[in-house]
$ cat protein_20.cif   # mmCIF, C-alpha atoms
data_run
#
loop_
_atom_site.label_atom_id
_atom_site.label_comp_id
_atom_site.auth_asym_id
_atom_site.auth_seq_id
_atom_site.Cartn_x
_atom_site.Cartn_y
_atom_site.Cartn_z
CA MET A 154 30.61 -42.00 -44.76
CA ALA A 155 33.15 -43.05 -47.41
CA GLY A 156 32.67 -39.99 -49.59
CA LEU A 157 30.58 -41.98 -52.08
CA ALA A 158 27.08 -41.53 -50.65
CA THR A 159 24.94 -38.62 -51.84
CA ASP A 160 23.86 -35.80 -49.51
CA GLN A 161 20.32 -37.18 -49.50
CA GLU A 162 21.56 -40.66 -48.52
CA VAL A 163 23.70 -39.18 -45.76
CA ARG A 164 20.75 -37.19 -44.39
CA GLU A 165 18.52 -40.25 -44.47
CA LEU A 166 21.17 -42.37 -42.76
CA ASN A 167 21.75 -39.72 -40.07
CA ALA A 168 17.99 -39.51 -39.46
CA ALA A 169 17.75 -43.28 -39.21
CA MET A 170 20.76 -43.40 -36.85
CA ALA A 171 19.15 -40.78 -34.64
CA GLN A 172 15.88 -42.72 -34.47
CA TYR A 173 17.19 -46.26 -34.27
CA PRO A 174 20.18 -46.97 -31.93
CA GLU A 175 20.79 -50.34 -33.59
CA ILE A 176 21.32 -48.64 -36.98
CA LYS A 177 23.83 -46.19 -35.45
CA ALA A 178 25.71 -49.09 -33.88
CA ALA A 179 25.85 -50.92 -37.22
CA ALA A 180 27.08 -47.80 -39.05
CA ASP A 181 29.77 -47.17 -36.41
CA ALA A 182 30.88 -50.78 -36.68
CA ALA A 183 31.08 -50.51 -40.47
CA GLN A 184 33.18 -47.33 -40.19
CA LEU A 185 35.54 -49.00 -37.71
CA ASP A 186 35.86 -52.08 -39.92
CA MET A 187 36.70 -49.88 -42.91
CA GLU A 188 39.46 -48.09 -40.98
CA ARG A 189 40.90 -51.41 -39.73
CA TYR A 190 40.84 -52.85 -43.24
CA ILE A 191 42.74 -49.91 -44.70
CA GLN A 192 45.30 -50.10 -41.89
CA MET A 193 45.78 -53.83 -42.55
CA GLN A 194 46.33 -53.20 -46.25
CA ALA A 195 48.78 -50.32 -45.71
CA VAL A 196 52.39 -51.06 -46.85
CA PRO A 197 55.20 -49.77 -44.62
CA PRO A 198 57.95 -47.83 -46.45
CA PRO A 199 61.05 -49.85 -47.44
CA ALA A 200 64.05 -49.81 -45.09
CA THR A 201 66.08 -47.93 -47.74
CA VAL A 202 63.91 -44.88 -47.16
CA LYS A 203 65.29 -44.57 -43.64
CA ASP A 204 68.90 -44.60 -44.96
CA ARG A 205 68.17 -42.02 -47.61
CA VAL A 206 66.55 -39.74 -45.04
CA PHE A 207 69.70 -39.82 -42.87
CA GLN A 208 71.81 -39.07 -45.93
CA ILE A 209 69.76 -35.97 -46.66
CA VAL A 210 70.05 -34.88 -43.03
CA ASN A 211 73.86 -35.21 -43.38
CA ASN A 212 73.75 -32.86 -46.42
CA GLU A 213 74.29 -35.61 -48.94
CA GLY A 214 72.47 -34.95 -52.22
CA VAL A 215 70.58 -31.92 -50.92
CA GLU A 216 71.50 -29.79 -53.93
CA THR A 217 70.17 -32.34 -56.39
CA ALA A 218 67.06 -33.29 -54.47
CA VAL A 219 63.79 -32.16 -55.97
CA PRO A 220 61.12 -31.37 -53.34
CA VAL A 221 57.70 -32.92 -53.70
CA SER A 222 54.81 -30.45 -53.52
CA GLY A 223 53.45 -30.30 -50.00
CA SER A 224 56.36 -32.35 -48.55
CA SER A 225 59.95 -31.73 -47.45
CA VAL A 226 61.12 -35.15 -48.66
CA PRO A 227 62.76 -35.21 -52.16
CA ALA A 228 60.74 -36.89 -54.91
CA SER A 229 63.77 -38.99 -55.89
CA LEU A 230 63.69 -40.54 -52.44
CA TYR A 231 60.23 -42.05 -53.08
CA GLU A 232 60.93 -42.82 -56.72
CA ASP A 233 63.99 -44.93 -55.81
CA ALA A 234 62.46 -46.47 -52.73
CA TYR A 235 59.31 -47.67 -54.53
CA ALA A 236 60.94 -48.55 -57.85
CA ASP A 237 59.50 -51.74 -59.42
CA GLU A 238 56.93 -51.98 -56.60
CA ASP A 239 53.17 -52.03 -57.21
CA LYS A 240 52.03 -52.30 -53.57
CA PRO A 241 50.86 -48.65 -53.27
CA ALA A 242 48.62 -49.22 -56.29
CA ARG A 243 47.22 -52.29 -54.62
CA VAL A 244 46.62 -50.34 -51.41
CA ILE A 245 44.69 -47.66 -53.28
CA SER A 246 42.75 -50.29 -55.20
CA ALA A 247 41.86 -52.20 -52.02
CA ALA A 248 40.86 -49.00 -50.24
CA ARG A 249 38.64 -48.00 -53.13
CA LYS A 250 37.07 -51.45 -53.22
CA TRP A 251 36.31 -51.15 -49.53
CA GLN A 252 34.80 -47.70 -50.10
CA TRP A 253 32.55 -49.10 -52.79
CA VAL A 254 31.54 -51.99 -50.52
CA ALA A 255 30.84 -49.59 -47.65
CA ALA A 256 28.88 -47.25 -49.92
CA ALA A 257 26.85 -50.16 -51.28
CA ALA A 258 26.18 -51.42 -47.76
CA ILE A 259 25.05 -47.96 -46.63
CA ALA A 260 22.83 -47.56 -49.70
CA GLY A 261 21.36 -50.98 -49.06
CA LEU A 262 20.77 -50.11 -45.42
CA ILE A 263 19.01 -46.87 -46.36
CA THR A 264 16.89 -48.70 -48.93
CA SER A 265 16.01 -51.37 -46.37
CA ILE A 266 15.02 -48.75 -43.80
CA ALA A 267 12.90 -46.88 -46.32
CA PHE A 268 11.23 -50.12 -47.43
CA ASN A 269 10.53 -51.22 -43.86
CA VAL A 270 9.06 -47.82 -42.92
CA THR A 271 6.94 -47.75 -46.08
CA TYR A 272 5.82 -51.35 -45.55
CA LEU A 273 4.97 -50.66 -41.89
CA ASN A 274 2.89 -47.59 -42.76
CA SER A 275 1.20 -49.43 -45.62
CA SER A 276 0.52 -52.44 -43.38
CA LYS A 277 -1.08 -50.25 -40.71
CA GLU A 278 -3.17 -48.45 -43.36
CA TRP A 279 -4.48 -51.68 -44.89
CA LYS A 280 -5.08 -53.20 -41.48
CA GLY A 281 -7.23 -50.19 -40.58
CA LYS A 282 -9.13 -50.50 -43.86
CA TYR A 283 -9.63 -54.23 -43.30
CA GLU A 284 -10.96 -53.69 -39.77
CA ALA A 285 -13.28 -50.95 -41.06
CA LEU A 286 -14.59 -53.34 -43.72
CA LEU A 287 -15.22 -55.99 -41.07
CA VAL A 288 -17.22 -53.48 -39.02
CA ASP A 289 -19.21 -52.46 -42.09
CA GLN A 290 -19.82 -56.09 -42.97
CA THR A 291 -21.08 -56.80 -39.46
CA LYS A 292 -23.45 -53.84 -39.69
CA VAL A 293 -24.72 -54.94 -43.09
CA LEU A 294 -25.31 -58.49 -41.85
CA ALA A 295 -27.15 -57.19 -38.79
CA GLN A 296 -29.31 -54.92 -40.94
CA SER A 297 -29.96 -57.78 -43.35
CA GLU A 298 -31.20 -59.97 -40.51
CA VAL A 299 -33.50 -57.19 -39.34
CA TYR A 300 -34.89 -56.72 -42.84
CA GLN A 301 -35.39 -60.46 -43.28
CA THR A 302 -37.25 -60.61 -39.97
CA LYS A 303 -39.46 -57.69 -40.98
CA MET A 304 -40.15 -59.23 -44.37
CA LYS A 305 -41.17 -62.52 -42.77
CA GLN A 306 -43.41 -60.68 -40.32
CA SER A 307 -44.95 -58.74 -43.19
CA ASP A 308 -45.55 -61.92 -45.16
CA ASP A 309 -47.10 -63.57 -42.11
CA MET A 310 -49.21 -60.49 -41.49
CA LEU A 311 -50.43 -60.31 -45.08
CA ALA A 312 -51.32 -63.98 -45.00
CA MET A 313 -53.12 -63.43 -41.71
CA MET A 314 -55.04 -60.41 -42.99
CA ARG A 315 -56.20 -62.33 -46.05
CA ASN A 316 -57.69 -64.93 -43.77
CA PRO A 317 -61.42 -64.28 -43.42
CA ASP A 318 -61.31 -65.55 -39.84
CA VAL A 319 -59.01 -62.74 -38.69
CA LYS A 320 -60.53 -59.77 -36.90
CA ALA A 321 -58.94 -56.32 -36.93
CA VAL A 322 -59.38 -54.54 -33.61
CA ARG A 323 -58.57 -50.83 -33.73
CA MET A 324 -57.72 -49.47 -30.26
CA PHE A 325 -58.32 -45.73 -29.86
CA THR A 326 -57.44 -43.21 -27.15
CA ALA A 327 -58.73 -44.29 -23.77
CA SER A 328 -58.27 -40.92 -22.05
CA LYS A 329 -58.97 -37.33 -23.10
CA ASP A 330 -55.63 -36.38 -21.56
CA ARG A 331 -53.87 -38.43 -24.27
CA PRO A 332 -55.62 -37.71 -27.58
CA ASN A 333 -55.03 -39.09 -31.08
CA LEU A 334 -53.48 -42.39 -29.98
CA LEU A 335 -53.97 -45.56 -32.00
CA ALA A 336 -52.82 -49.19 -32.13
CA THR A 337 -54.27 -52.16 -34.01
CA VAL A 338 -54.62 -55.84 -33.08
CA PHE A 339 -55.15 -58.62 -35.64
CA TRP A 340 -56.64 -61.63 -33.88
CA ASN A 341 -57.62 -65.04 -35.21
CA PRO A 342 -60.19 -66.54 -32.82
CA LYS A 343 -59.70 -70.03 -34.31
CA THR A 344 -55.89 -70.21 -34.13
CA LYS A 345 -55.72 -67.75 -31.17
CA ASP A 346 -52.85 -65.90 -32.94
CA VAL A 347 -52.46 -62.21 -32.07
CA MET A 348 -50.45 -59.64 -34.06
CA LEU A 349 -50.01 -56.01 -32.98
CA THR A 350 -48.98 -52.89 -34.85
CA VAL A 351 -48.49 -49.48 -33.22
CA ASN A 352 -49.95 -46.57 -35.18
CA ASN A 353 -49.36 -43.78 -32.68
CA LEU A 354 -48.13 -44.15 -29.10
CA PRO A 355 -45.68 -41.87 -27.25
CA GLU A 356 -42.24 -43.26 -26.47
CA PRO A 357 -42.20 -44.51 -22.85
CA ALA A 358 -39.54 -43.80 -20.23
CA ALA A 359 -36.52 -46.10 -20.07
CA ASP A 360 -37.91 -47.95 -17.03
CA GLN A 361 -41.42 -48.39 -18.50
CA GLN A 362 -42.99 -50.58 -21.19
CA TYR A 363 -46.38 -50.91 -22.89
CA GLN A 364 -48.39 -54.06 -22.20
CA LEU A 365 -51.27 -55.54 -24.23
CA TRP A 366 -54.31 -56.95 -22.45
CA ALA A 367 -57.21 -59.03 -23.67
CA ILE A 368 -60.51 -58.75 -21.79
CA VAL A 369 -61.97 -62.24 -21.59
CA ASN A 370 -65.34 -62.48 -19.86
CA GLY A 371 -64.62 -59.22 -18.05
CA VAL A 372 -61.19 -60.37 -16.79
CA PRO A 373 -57.92 -58.83 -18.12
CA VAL A 374 -55.54 -61.44 -19.54
CA ASP A 375 -51.90 -60.64 -20.18
CA ALA A 376 -51.09 -60.68 -23.91
CA GLY A 377 -47.47 -59.61 -23.42
CA VAL A 378 -45.31 -56.47 -23.50
CA PHE A 379 -44.13 -55.01 -26.78
CA GLU A 380 -41.31 -52.84 -28.12
CA MET A 381 -41.30 -49.32 -29.46
CA GLY A 382 -38.92 -47.49 -31.81
CA ASP A 383 -38.14 -49.15 -35.15
CA THR A 384 -39.66 -52.42 -33.96
CA ALA A 385 -43.01 -50.70 -33.37
CA LYS A 386 -43.19 -49.77 -37.07
CA GLY A 387 -43.72 -53.40 -38.00
CA PHE A 388 -45.91 -56.20 -36.70
CA GLN A 389 -45.20 -57.85 -33.36
CA LYS A 390 -46.43 -61.29 -32.46
CA MET A 391 -48.12 -61.33 -29.05
CA LYS A 392 -49.30 -64.11 -26.74
CA ALA A 393 -52.10 -66.38 -27.94
CA ILE A 394 -55.54 -65.30 -26.72
CA GLU A 395 -58.82 -67.24 -26.63
CA GLY A 396 -62.32 -65.78 -26.32
CA ALA A 397 -61.44 -62.07 -26.21
CA GLN A 398 -64.17 -59.44 -26.24
CA MET A 399 -61.85 -56.46 -26.01
CA PHE A 400 -58.16 -55.43 -26.19
CA ALA A 401 -56.38 -52.60 -24.34
CA VAL A 402 -52.86 -51.20 -23.81
CA THR A 403 -51.50 -49.91 -20.49
CA LEU A 404 -48.15 -48.40 -19.55
CA GLU A 405 -46.41 -50.52 -16.91
CA LYS A 406 -42.99 -50.92 -15.37
CA LYS A 407 -40.43 -52.48 -17.71
CA GLY A 408 -41.08 -56.19 -18.09
CA GLY A 409 -44.82 -55.91 -17.51
CA SER A 410 -47.24 -56.35 -14.65
CA PRO A 411 -49.49 -59.25 -13.52
CA THR A 412 -52.47 -56.86 -13.38
CA PRO A 413 -53.16 -53.76 -15.52
CA THR A 414 -52.83 -50.23 -14.18
CA LEU A 415 -56.21 -48.84 -15.23
CA THR A 416 -55.17 -45.22 -14.67
CA ALA A 417 -52.35 -45.78 -17.18
CA MET A 418 -54.59 -47.15 -19.95
CA TYR A 419 -53.63 -45.52 -23.25
CA VAL A 420 -55.77 -47.21 -25.91
CA ALA A 421 -58.63 -49.74 -26.00
CA GLY A 422 -60.98 -51.30 -28.59
CA LYS A 423 -63.80 -53.84 -28.79
CA VAL A 424 -63.75 -56.97 -30.91
CA SER A 425 -66.44 -56.84 -33.54
CA SER A 426 -68.95 -59.64 -33.52
#
$ encode --input "protein_20.cif" --output "structure tokens"
Amino acid sequence: MAGLATDQEVRELNAAMAQYPEIKAAADAAQLDMERYIQMQAVPPPATVKDRVFQIVNNEGVETAVPVSGSSVPASLYEDAYADEDKPARVISAARKWQWVAAAAIAGLITSIAFNVTYLNSSKEWKGKYEALLVDQTKVLAQSEVYQTKMKQSDDMLAMMRNPDVKAVRMFTASKDRPNLLATVFWNPKTKDVMLTVNNLPEPAADQQYQLWAIVNGVPVDAGVFEMGDTAKGFQKMKAIEGAQMFAVTLEKKGGSPTPTLTAMYVAGKVSS
């Protein structure tokens, strides 16, 4: 710009000007202000210069005039005209000051752009990391709740199994077409509490669900539907049952059925006396 910026700074400024119109407008305005400032500080030549020029044109003092390199005007003309004057020095000094100011402003602008770009990229990077941490934290909390639930169920189940009043009812395959199936019910006849654990049952279709039944005096009583997957690996609390002689599991539509589908009975087991 003013001949004081490095090539790297110029390239960075040109790139920034190409990407951001507001930066180009600011740089153009700075260039225009610099030119206006130099023009304002320029000192017009003294009136005597005009007279000396006409004298030279009229062949007065041509023989003694000493040309200035790169100019047709004699050096003595400028030496006499600007004798005892320091304005040209001030013009050069002011121009150089403006160049330094412009160069500093451009360097500051480049530094500001670089800082803003770096800060923006860094901000986006840390924001992404923060959001990822929040997602991980949510997952950990969810898993912790699941583990706490399972631990409580396990503690309840252990306490229930230690109770001498609890009966373990193992339900085996109810059909030769579906061999090697097994589920277990832990039932307390006094408190009527029922806990179920699935040992081996095939995963049902998305629109179907297993349902536990208690046979009370020959009549099937709904003991509730239960989940499969990871939930099936633990203990599931079922509906309270009184006076059961037998337990069975059927495959019903999702949500359960008011009456069991006997052809879809998977496992069944008798309560020991």
$ resolve_selection --input "protein_20.cif" --expression "the PyMOL selection byres ((chain A and resi 403-407) around 7)" --output "ChimeraX atom specification"
/A:360-365,401-402,408-410,413-414,417-419
$ closest_residue --input "protein_20.cif" --among "A:Val378, A:Ala393, A:Ala321, A:Leu349" --to "Ser307 (chain A)" --atoms "all atoms listed in the file"
A:Leu349
$ closest_residue --input "protein_20.cif" --among "A:Ser276, A:Met304, A:Ala367, A:Val299" --to "Lys345 (chain A)" --atoms "only C-alpha atoms"
A:Ala367
$ closest_residue --input "protein_20.cif" --among "A:Ala397, A:Val338, A:Ala385, A:Leu286" --to "Met313 (chain A)" --atoms "only C-alpha atoms"
A:Val338
$ residues_around --input "protein_20.cif" --residues "Asp383 (chain A)" --least-positions-apart "4" --cutoff "12 Å" --atoms "only C-alpha atoms" --output "number ranges by chain"
A: 299-300, 303, 350-351, 356, 379, 387-389
$ atom_distance --input "protein_20.cif" --atom1 "CA of Trp340 (chain A)" --atom2 "CA of Val322 (chain A)"
7.6 Å
